[in-house]
>>> print(open('final-v9.cif').read())   # mmCIF, C-alpha atoms, pLDDT in the B column; chains and numbers go by the auth columns
data_structure
loop_
_atom_site.group_PDB
_atom_site.id
_atom_site.type_symbol
_atom_site.label_atom_id
_atom_site.label_comp_id
_atom_site.label_asym_id
_atom_site.label_seq_id
_atom_site.Cartn_x
_atom_site.Cartn_y
_atom_site.Cartn_z
_atom_site.B_iso_or_equiv
_atom_site.auth_seq_id
_atom_site.auth_asym_id
ATOM 1 C CA MET A 1 83.095 -5.408 36.003 64.00 22 A
ATOM 2 C CA SER A 2 85.046 -2.258 36.773 75.00 23 A
ATOM 3 C CA GLU A 3 86.325 -1.444 40.235 75.00 24 A
ATOM 4 C CA SER A 4 83.783 1.373 40.635 85.00 25 A
ATOM 5 C CA ALA A 5 80.937 -0.915 39.510 84.00 26 A
ATOM 6 C CA ASN A 6 82.068 -3.525 42.040 88.00 27 A
ATOM 7 C CA ALA A 7 82.197 -0.860 44.738 94.00 28 A
ATOM 8 C CA MET A 8 78.656 0.297 43.922 95.00 29 A
ATOM 9 C CA LEU A 9 77.319 -3.252 44.018 96.00 30 A
ATOM 10 C CA GLU A 10 79.110 -3.946 47.308 96.00 31 A
ATOM 11 C CA LYS A 11 77.621 -0.742 48.742 97.00 32 A
ATOM 12 C CA ALA A 12 74.135 -1.794 47.577 97.00 33 A
ATOM 13 C CA ILE A 13 74.536 -5.180 49.246 98.00 34 A
ATOM 14 C CA GLU A 14 75.814 -3.524 52.435 97.00 35 A
ATOM 15 C CA VAL A 15 72.896 -1.073 52.521 97.00 36 A
ATOM 16 C CA ALA A 16 70.431 -3.927 51.972 97.00 37 A
ATOM 17 C CA VAL A 17 72.025 -6.073 54.690 97.00 38 A
ATOM 18 C CA VAL A 18 72.040 -3.228 57.226 96.00 39 A
ATOM 19 C CA SER A 19 68.520 -2.064 56.286 96.00 40 A
ATOM 20 C CA HIS A 20 67.001 -5.550 56.538 97.00 41 A
ATOM 21 C CA ALA A 21 68.953 -6.498 59.697 96.00 42 A
ATOM 22 C CA GLY A 22 66.723 -8.344 62.129 95.00 43 A
ATOM 23 C CA GLN A 23 63.886 -8.792 59.646 96.00 44 A
ATOM 24 C CA THR A 24 62.561 -12.255 58.932 93.00 45 A
ATOM 25 C CA ASP A 25 60.316 -13.410 56.140 91.00 46 A
ATOM 26 C CA LYS A 26 57.012 -15.214 56.655 84.00 47 A
ATOM 27 C CA TYR A 27 58.936 -18.489 56.884 85.00 48 A
ATOM 28 C CA GLY A 28 61.188 -17.307 59.721 87.00 49 A
ATOM 29 C CA GLU A 29 64.318 -16.932 57.573 92.00 50 A
ATOM 30 C CA ALA A 30 66.509 -13.846 57.420 96.00 51 A
ATOM 31 C CA TYR A 31 64.714 -11.495 55.022 96.00 52 A
ATOM 32 C CA ILE A 32 67.953 -10.350 53.365 98.00 53 A
ATOM 33 C CA LEU A 33 68.155 -13.701 51.608 97.00 54 A
ATOM 34 C CA HIS A 34 65.239 -12.679 49.359 97.00 55 A
ATOM 35 C CA PRO A 35 66.802 -9.518 47.876 98.00 56 A
ATOM 36 C CA LEU A 36 70.126 -11.324 47.516 98.00 57 A
ATOM 37 C CA ARG A 37 68.469 -14.203 45.625 98.00 58 A
ATOM 38 C CA VAL A 38 66.720 -11.633 43.382 98.00 59 A
ATOM 39 C CA MET A 39 70.032 -9.859 42.777 98.00 60 A
ATOM 40 C CA LEU A 40 71.759 -13.132 41.855 97.00 61 A
ATOM 41 C CA ALA A 41 68.917 -14.082 39.496 97.00 62 A
ATOM 42 C CA VAL A 42 69.261 -10.691 37.796 97.00 63 A
ATOM 43 C CA ARG A 43 73.036 -11.100 37.633 95.00 64 A
ATOM 44 C CA GLU A 44 72.649 -14.494 35.936 95.00 65 A
ATOM 45 C CA ARG A 45 70.788 -12.742 33.131 93.00 66 A
ATOM 46 C CA GLY A 46 73.952 -10.728 32.436 79.00 67 A
ATOM 47 C CA VAL A 47 72.419 -7.327 32.990 80.00 68 A
ATOM 48 C CA CYS A 48 74.105 -4.107 34.078 92.00 69 A
ATOM 49 C CA VAL A 49 75.429 -3.526 37.564 95.00 70 A
ATOM 50 C CA GLU A 50 72.815 -0.815 38.165 96.00 71 A
ATOM 51 C CA GLN A 51 70.047 -3.409 37.784 97.00 72 A
ATOM 52 C CA GLN A 52 71.897 -5.772 40.095 97.00 73 A
ATOM 53 C CA ALA A 53 72.252 -3.015 42.709 97.00 74 A
ATOM 54 C CA ALA A 54 68.566 -2.104 42.381 97.00 75 A
ATOM 55 C CA ALA A 55 67.648 -5.778 42.788 98.00 76 A
ATOM 56 C CA ALA A 56 69.573 -5.917 46.061 98.00 77 A
ATOM 57 C CA LEU A 57 67.859 -2.704 47.197 97.00 78 A
ATOM 58 C CA HIS A 58 64.389 -3.367 45.789 96.00 79 A
ATOM 59 C CA ASP A 59 62.635 -3.685 49.188 96.00 80 A
ATOM 60 C CA VAL A 60 64.668 -1.170 51.205 96.00 81 A
ATOM 61 C CA ILE A 61 62.312 1.811 50.824 93.00 82 A
ATOM 62 C CA GLU A 62 59.164 -0.302 51.023 90.00 83 A
ATOM 63 C CA ASP A 63 60.057 -2.533 53.982 91.00 84 A
ATOM 64 C CA CYS A 64 62.617 -0.631 56.048 93.00 85 A
ATOM 65 C CA ASP A 65 62.691 2.570 58.042 86.00 86 A
ATOM 66 C CA VAL A 66 64.658 4.400 55.355 88.00 87 A
ATOM 67 C CA PRO A 67 63.807 7.921 54.165 84.00 88 A
ATOM 68 C CA ASP A 68 63.033 8.415 50.473 73.00 89 A
ATOM 69 C CA ASP A 69 66.185 10.451 49.871 88.00 90 A
ATOM 70 C CA PHE A 70 68.491 7.913 51.532 92.00 91 A
ATOM 71 C CA LEU A 71 69.311 6.037 48.326 95.00 92 A
ATOM 72 C CA ALA A 72 69.581 9.195 46.219 94.00 93 A
ATOM 73 C CA ALA A 73 72.461 10.376 48.387 94.00 94 A
ATOM 74 C CA ARG A 74 74.348 7.103 47.836 94.00 95 A
ATOM 75 C CA PHE A 75 73.556 5.722 44.392 96.00 96 A
ATOM 76 C CA PRO A 76 73.274 6.895 40.783 95.00 97 A
ATOM 77 C CA ALA A 77 69.896 8.082 39.518 95.00 98 A
ATOM 78 C CA GLU A 78 69.464 4.938 37.389 95.00 99 A
ATOM 79 C CA VAL A 79 69.588 2.726 40.499 96.00 100 A
ATOM 80 C CA CYS A 80 67.216 5.014 42.398 96.00 101 A
ATOM 81 C CA ASP A 81 64.770 5.170 39.474 96.00 102 A
ATOM 82 C CA LEU A 82 64.671 1.368 39.341 97.00 103 A
ATOM 83 C CA VAL A 83 64.080 1.080 43.098 96.00 104 A
ATOM 84 C CA ASP A 84 61.368 3.746 42.907 95.00 105 A
ATOM 85 C CA ALA A 85 59.636 1.819 40.122 96.00 106 A
ATOM 86 C CA LEU A 86 59.761 -1.391 42.186 97.00 107 A
ATOM 87 C CA THR A 87 58.451 0.226 45.379 95.00 108 A
ATOM 88 C CA LYS A 88 54.735 -0.215 46.081 91.00 109 A
ATOM 89 C CA VAL A 89 52.577 2.869 45.892 92.00 110 A
ATOM 90 C CA ASP A 90 49.941 3.198 48.640 91.00 111 A
ATOM 91 C CA GLY A 91 46.508 2.234 47.376 94.00 112 A
ATOM 92 C CA GLU A 92 47.799 0.745 44.122 95.00 113 A
ATOM 93 C CA ASP A 93 46.519 -2.699 43.167 95.00 114 A
ATOM 94 C CA TYR A 94 48.967 -5.410 42.135 94.00 115 A
ATOM 95 C CA GLU A 95 48.262 -5.376 38.392 94.00 116 A
ATOM 96 C CA THR A 96 48.528 -1.592 38.223 95.00 117 A
ATOM 97 C CA SER A 97 51.819 -1.852 40.104 96.00 118 A
ATOM 98 C CA LEU A 98 53.184 -4.351 37.568 96.00 119 A
ATOM 99 C CA ARG A 99 52.140 -2.117 34.684 96.00 120 A
ATOM 100 C CA ARG A 100 53.856 0.852 36.336 96.00 121 A
ATOM 101 C CA VAL A 101 57.037 -1.192 36.848 96.00 122 A
ATOM 102 C CA ALA A 102 57.058 -2.023 33.134 94.00 123 A
ATOM 103 C CA LYS A 103 57.290 1.673 32.248 93.00 124 A
ATOM 104 C CA THR A 104 60.788 1.949 33.748 94.00 125 A
ATOM 105 C CA PRO A 105 63.451 0.393 31.521 88.00 126 A
ATOM 106 C CA GLY A 106 65.220 -2.429 33.337 93.00 127 A
ATOM 107 C CA ALA A 107 62.726 -2.722 36.196 96.00 128 A
ATOM 108 C CA LEU A 108 60.638 -5.470 34.603 96.00 129 A
ATOM 109 C CA LEU A 109 63.485 -7.983 34.741 96.00 130 A
ATOM 110 C CA ILE A 110 64.000 -7.286 38.444 97.00 131 A
ATOM 111 C CA LYS A 111 60.283 -7.601 39.167 97.00 132 A
ATOM 112 C CA GLU A 112 60.158 -10.902 37.309 97.00 133 A
ATOM 113 C CA ALA A 113 63.054 -12.222 39.414 97.00 134 A
ATOM 114 C CA ASP A 114 61.258 -10.962 42.544 97.00 135 A
ATOM 115 C CA VAL A 115 57.994 -12.718 41.650 97.00 136 A
ATOM 116 C CA ARG A 116 59.804 -15.920 40.633 97.00 137 A
ATOM 117 C CA ASP A 117 61.665 -16.000 43.937 97.00 138 A
ATOM 118 C CA ASN A 118 58.394 -15.620 45.841 95.00 139 A
ATOM 119 C CA PHE A 119 56.757 -18.256 43.628 96.00 140 A
ATOM 120 C CA THR A 120 59.501 -20.837 44.187 95.00 141 A
ATOM 121 C CA ARG A 121 59.113 -20.498 47.963 94.00 142 A
ATOM 122 C CA LEU A 122 55.381 -21.223 48.061 91.00 143 A
ATOM 123 C CA HIS A 123 56.014 -24.770 49.252 91.00 144 A
ATOM 124 C CA LEU A 124 56.994 -23.203 52.590 90.00 145 A
ATOM 125 C CA VAL A 125 53.503 -21.743 53.125 90.00 146 A
ATOM 126 C CA ASP A 126 51.689 -23.956 55.635 89.00 147 A
ATOM 127 C CA ASP A 127 48.125 -22.847 54.989 92.00 148 A
ATOM 128 C CA PRO A 128 46.788 -24.467 51.789 94.00 149 A
ATOM 129 C CA ALA A 129 44.306 -21.658 51.093 95.00 150 A
ATOM 130 C CA THR A 130 47.019 -19.006 51.398 93.00 151 A
ATOM 131 C CA ARG A 131 49.386 -21.082 49.266 93.00 152 A
ATOM 132 C CA ASP A 132 46.721 -21.464 46.555 95.00 153 A
ATOM 133 C CA ARG A 133 45.872 -17.746 46.640 95.00 154 A
ATOM 134 C CA LEU A 134 49.537 -16.775 46.332 94.00 155 A
ATOM 135 C CA ARG A 135 50.195 -19.349 43.610 96.00 156 A
ATOM 136 C CA GLU A 136 47.359 -17.875 41.552 97.00 157 A
ATOM 137 C CA LYS A 137 48.614 -14.327 42.206 96.00 158 A
ATOM 138 C CA TYR A 138 52.188 -15.128 41.148 96.00 159 A
ATOM 139 C CA GLU A 139 51.112 -17.169 38.118 97.00 160 A
ATOM 140 C CA ARG A 140 48.954 -14.260 36.894 96.00 161 A
ATOM 141 C CA ALA A 141 51.819 -11.861 37.601 96.00 162 A
ATOM 142 C CA LEU A 142 54.310 -13.920 35.600 96.00 163 A
ATOM 143 C CA ILE A 143 51.913 -14.108 32.647 96.00 164 A
ATOM 144 C CA LEU A 144 51.348 -10.343 32.757 96.00 165 A
ATOM 145 C CA LEU A 145 55.087 -9.648 33.110 95.00 166 A
ATOM 146 C CA GLU A 146 55.750 -11.817 30.046 94.00 167 A
ATOM 147 C CA GLU A 147 53.099 -9.896 28.076 94.00 168 A
ATOM 148 C CA LEU A 148 54.501 -6.557 29.221 94.00 169 A
ATOM 149 C CA SER A 149 58.026 -7.568 28.227 91.00 170 A
ATOM 150 C CA ARG A 150 56.831 -8.036 24.632 88.00 171 A
ATOM 151 C CA GLU A 151 55.214 -4.570 24.409 83.00 172 A
#
>>> encode(input="final-v9.cif", output="structure tokens")
Amino acid sequence: MSESANAMLEKAIEVAVVSHAGQTDKYGEAYILHPLRVMLAVRERGVCVEQQAAAALHDVIEDCDVPDDFLAARFPAEVCDLVDALTKVDGEDYETSLRRVAKTPGALLIKEADVRDNFTRLHLVDDPATRDRLREKYERALILLEELSRE
């Protein structure tokens, strides 16, 4: 990876860490661990640094008090386009969201890593009904993501 690519990825990680500072997930762990796990899963697939950066940043706009233009001032358009594709749209149902993600080249892989990370942490959900509901949601999502990747 080039020096400039490393610098961009380091900046993405820094922005994610600062943006998610103080946030915890539903299991009481530092939230930043989720985007970092997603980024590492994407990295293991050998994809471009822009996808890795977007993976680290994928929840910044959605879950943090960050203005829409914040990332555009700091990252290349490809990274911003990926983050935009991965950011929930108000009123959009989950399946529609997944189909929209699939329309942006490179975003599907990040979304799959995101869903897989959430899926692998279901054992931490205390309430059996919630765990079952989420398991079904993530299983359906992974099936749909696989179908969309073949289109």
>>> closest_atom_pairs(input="final-v9.cif", of="stretch 145-168 of chain A", to="stretch 44-51 of chain A", cutoff="10 Å", atoms="all atoms listed in the file", output="CSV")
residue,atom,partner,partner_atom,distance
A:Leu145,CA,A:Tyr48,CA,6.7
A:Val146,CA,A:Tyr48,CA,7.4
A:Asp147,CA,A:Tyr48,CA,9.2
>>> residues_around(input="final-v9.cif", residues="A:Arg161", least_positions_apart="5", cutoff="12 Å", atoms="only C-alpha atoms", output="list in words")
Tyr115, Glu116, Leu119, Glu133, Val136, Arg137, Phe140, Arg154, Leu155, Arg156, Leu166, Glu167 and Glu168 of chain A
>>> residues_near_point(input="final-v9.cif", point="(62.8, -5.9, 43.8)", cutoff="7 Å", atoms="all atoms listed in the file", output="list in words")
Pro56, Val59, Ala76, Leu78, His79, Asp80, Leu107, Ile131, Lys132 and Asp135 of chain A
>>> closest_atom_pairs(input="final-v9.cif", of="stretch 42-149 of chain A", to="stretch 29-33 of chain A", cutoff="10 Å", atoms="all atoms listed in the file", output="CSV")
residue,atom,partner,partner_atom,distance
A:Met60,CA,A:Leu30,CA,9.9
A:Val70,CA,A:Leu30,CA,6.7
A:Glu71,CA,A:Leu30,CA,7.8
A:Gln72,CA,A:Leu30,CA,9.6
A:Gln73,CA,A:Leu30,CA,7.2
A:Ala74,CA,A:Leu30,CA,5.2
A:Ala75,CA,A:Ala33,CA,7.6
A:Ala76,CA,A:Ala33,CA,9.0
A:Ala77,CA,A:Ala33,CA,6.3
A:Leu78,CA,A:Ala33,CA,6.4
A:Leu92,CA,A:Ala33,CA,9.2
A:Arg95,CA,A:Lys32,CA,8.5
A:Phe96,CA,A:Met29,CA,7.5
A:Pro97,CA,A:Met29,CA,9.1
A:Val100,CA,A:Ala33,CA,9.6
>>> atom_distance(input="final-v9.cif", atom1="atom CA of A:Ala28", atom2="atom CA of A:Ile82")
21.0 Å
>>> closest_residue(input="final-v9.cif", among="A:Asp138, A:Asp148, A:Glu35, A:Glu99", to="A:Leu163", atoms="only C-alpha atoms")
A:Asp138
>>> atom_distance(input="final-v9.cif", atom1="atom CA of A:Asp105", atom2="atom CA of A:Val122")
8.9 Å
>>> closest_residue(input="final-v9.cif", among="A:Ala106, A:Glu172, A:Asp114, A:Val36", to="A:Lys158", atoms="all atoms listed in the file")
A:Asp114
>>> atom_distance(input="final-v9.cif", atom1="atom CA of A:Leu143", atom2="atom CA of A:Leu165")
19.2 Å
>>> closest_residue(input="final-v9.cif", among="A:Cys85, A:Leu130, A:Ser170, A:Glu157", to="A:Glu65", atoms="all atoms listed in the file")
A:Leu130
>>> decode(input="final-v9.cif", residues="stretch 118-137 of chain A", atoms="N, CA, C and O atoms", output="PDB file, in the first residue's frame")
ATOM      1  N   SER A 118     -33.019  -1.050   1.480  1.00  0.00           N
ATOM      2  CA  SER A 118     -31.689  -0.526   1.792  1.00  0.00           C
ATOM      3  C   SER A 118     -30.598  -1.422   1.211  1.00  0.00           C
ATOM      4  O   SER A 118     -29.637  -0.937   0.600  1.00  0.00           O
ATOM      5  N   LEU A 119     -30.737  -2.726   1.378  1.00  0.00           N
ATOM      6  CA  LEU A 119     -29.734  -3.660   0.843  1.00  0.00           C
ATOM      7  C   LEU A 119     -29.677  -3.589  -0.677  1.00  0.00           C
ATOM      8  O   LEU A 119     -28.585  -3.620  -1.266  1.00  0.00           O
ATOM      9  N   ARG A 120     -30.824  -3.470  -1.311  1.00  0.00           N
ATOM     10  CA  ARG A 120     -30.852  -3.361  -2.771  1.00  0.00           C
ATOM     11  C   ARG A 120     -30.203  -2.058  -3.241  1.00  0.00           C
ATOM     12  O   ARG A 120     -29.525  -2.028  -4.261  1.00  0.00           O
ATOM     13  N   ARG A 121     -30.399  -0.991  -2.484  1.00  0.00           N
ATOM     14  CA  ARG A 121     -29.769   0.288  -2.824  1.00  0.00           C
ATOM     15  C   ARG A 121     -28.251   0.184  -2.664  1.00  0.00           C
ATOM     16  O   ARG A 121     -27.495   0.661  -3.501  1.00  0.00           O
ATOM     17  N   VAL A 122     -27.807  -0.446  -1.589  1.00  0.00           N
ATOM     18  CA  VAL A 122     -26.368  -0.635  -1.361  1.00  0.00           C
ATOM     19  C   VAL A 122     -25.737  -1.342  -2.553  1.00  0.00           C
ATOM     20  O   VAL A 122     -24.650  -0.978  -3.009  1.00  0.00           O
ATOM     21  N   ALA A 123     -26.430  -2.352  -3.072  1.00  0.00           N
ATOM     22  CA  ALA A 123     -25.889  -3.167  -4.163  1.00  0.00           C
ATOM     23  C   ALA A 123     -25.664  -2.369  -5.444  1.00  0.00           C
ATOM     24  O   ALA A 123     -24.887  -2.791  -6.305  1.00  0.00           O
ATOM     25  N   LYS A 124     -26.299  -1.224  -5.568  1.00  0.00           N
ATOM     26  CA  LYS A 124     -26.154  -0.411  -6.778  1.00  0.00           C
ATOM     27  C   LYS A 124     -24.848   0.385  -6.806  1.00  0.00           C
ATOM     28  O   LYS A 124     -24.490   0.928  -7.844  1.00  0.00           O
ATOM     29  N   THR A 125     -24.155   0.448  -5.682  1.00  0.00           N
ATOM     30  CA  THR A 125     -22.887   1.185  -5.619  1.00  0.00           C
ATOM     31  C   THR A 125     -21.745   0.180  -5.632  1.00  0.00           C
ATOM     32  O   THR A 125     -21.612  -0.613  -4.697  1.00  0.00           O
ATOM     33  N   PRO A 126     -20.939   0.196  -6.691  1.00  0.00           N
ATOM     34  CA  PRO A 126     -19.829  -0.762  -6.771  1.00  0.00           C
ATOM     35  C   PRO A 126     -18.937  -0.694  -5.523  1.00  0.00           C
ATOM     36  O   PRO A 126     -18.553   0.378  -5.082  1.00  0.00           O
ATOM     37  N   GLY A 127     -18.684  -1.861  -4.954  1.00  0.00           N
ATOM     38  CA  GLY A 127     -17.813  -1.958  -3.788  1.00  0.00           C
ATOM     39  C   GLY A 127     -18.530  -1.906  -2.456  1.00  0.00           C
ATOM     40  O   GLY A 127     -17.989  -2.327  -1.439  1.00  0.00           O
ATOM     41  N   ALA A 128     -19.759  -1.400  -2.432  1.00  0.00           N
ATOM     42  CA  ALA A 128     -20.475  -1.246  -1.164  1.00  0.00           C
ATOM     43  C   ALA A 128     -21.033  -2.572  -0.651  1.00  0.00           C
ATOM     44  O   ALA A 128     -21.143  -2.777   0.554  1.00  0.00           O
ATOM     45  N   LEU A 129     -21.359  -3.466  -1.561  1.00  0.00           N
ATOM     46  CA  LEU A 129     -21.964  -4.743  -1.170  1.00  0.00           C
ATOM     47  C   LEU A 129     -21.032  -5.559  -0.274  1.00  0.00           C
ATOM     48  O   LEU A 129     -21.465  -6.135   0.719  1.00  0.00           O
ATOM     49  N   LEU A 130     -19.768  -5.580  -0.599  1.00  0.00           N
ATOM     50  CA  LEU A 130     -18.786  -6.309   0.205  1.00  0.00           C
ATOM     51  C   LEU A 130     -18.716  -5.749   1.624  1.00  0.00           C
ATOM     52  O   LEU A 130     -18.652  -6.497   2.599  1.00  0.00           O
ATOM     53  N   ILE A 131     -18.757  -4.436   1.746  1.00  0.00           N
ATOM     54  CA  ILE A 131     -18.715  -3.802   3.064  1.00  0.00           C
ATOM     55  C   ILE A 131     -19.981  -4.139   3.841  1.00  0.00           C
ATOM     56  O   ILE A 131     -19.923  -4.468   5.033  1.00  0.00           O
ATOM     57  N   LYS A 132     -21.126  -4.066   3.175  1.00  0.00           N
ATOM     58  CA  LYS A 132     -22.388  -4.377   3.849  1.00  0.00           C
ATOM     59  C   LYS A 132     -22.411  -5.828   4.304  1.00  0.00           C
ATOM     60  O   LYS A 132     -22.893  -6.137   5.402  1.00  0.00           O
ATOM     61  N   GLU A 133     -21.891  -6.721   3.489  1.00  0.00           N
ATOM     62  CA  GLU A 133     -21.836  -8.127   3.890  1.00  0.00           C
ATOM     63  C   GLU A 133     -20.980  -8.285   5.147  1.00  0.00           C
ATOM     64  O   GLU A 133     -21.358  -9.000   6.080  1.00  0.00           O
ATOM     65  N   ALA A 134     -19.835  -7.631   5.189  1.00  0.00           N
ATOM     66  CA  ALA A 134     -18.969  -7.700   6.372  1.00  0.00           C
ATOM     67  C   ALA A 134     -19.674  -7.113   7.589  1.00  0.00           C
ATOM     68  O   ALA A 134     -19.552  -7.635   8.708  1.00  0.00           O
ATOM     69  N   ASP A 135     -20.438  -6.038   7.387  1.00  0.00           N
ATOM     70  CA  ASP A 135     -21.208  -5.407   8.453  1.00  0.00           C
ATOM     71  C   ASP A 135     -22.249  -6.378   9.011  1.00  0.00           C
ATOM     72  O   ASP A 135     -22.342  -6.593  10.229  1.00  0.00           O
ATOM     73  N   VAL A 136     -23.021  -6.985   8.133  1.00  0.00           N
ATOM     74  CA  VAL A 136     -24.069  -7.925   8.558  1.00  0.00           C
ATOM     75  C   VAL A 136     -23.439  -9.143   9.234  1.00  0.00           C
ATOM     76  O   VAL A 136     -23.918  -9.604  10.276  1.00  0.00           O
ATOM     77  N   ARG A 137     -22.366  -9.668   8.669  1.00  0.00           N
ATOM     78  CA  ARG A 137     -21.703 -10.831   9.277  1.00  0.00           C
ATOM     79  C   ARG A 137     -21.182 -10.508  10.673  1.00  0.00           C
ATOM     80  O   ARG A 137     -21.274 -11.338  11.581  1.00  0.00           O
TER      81      ARG A 137
END
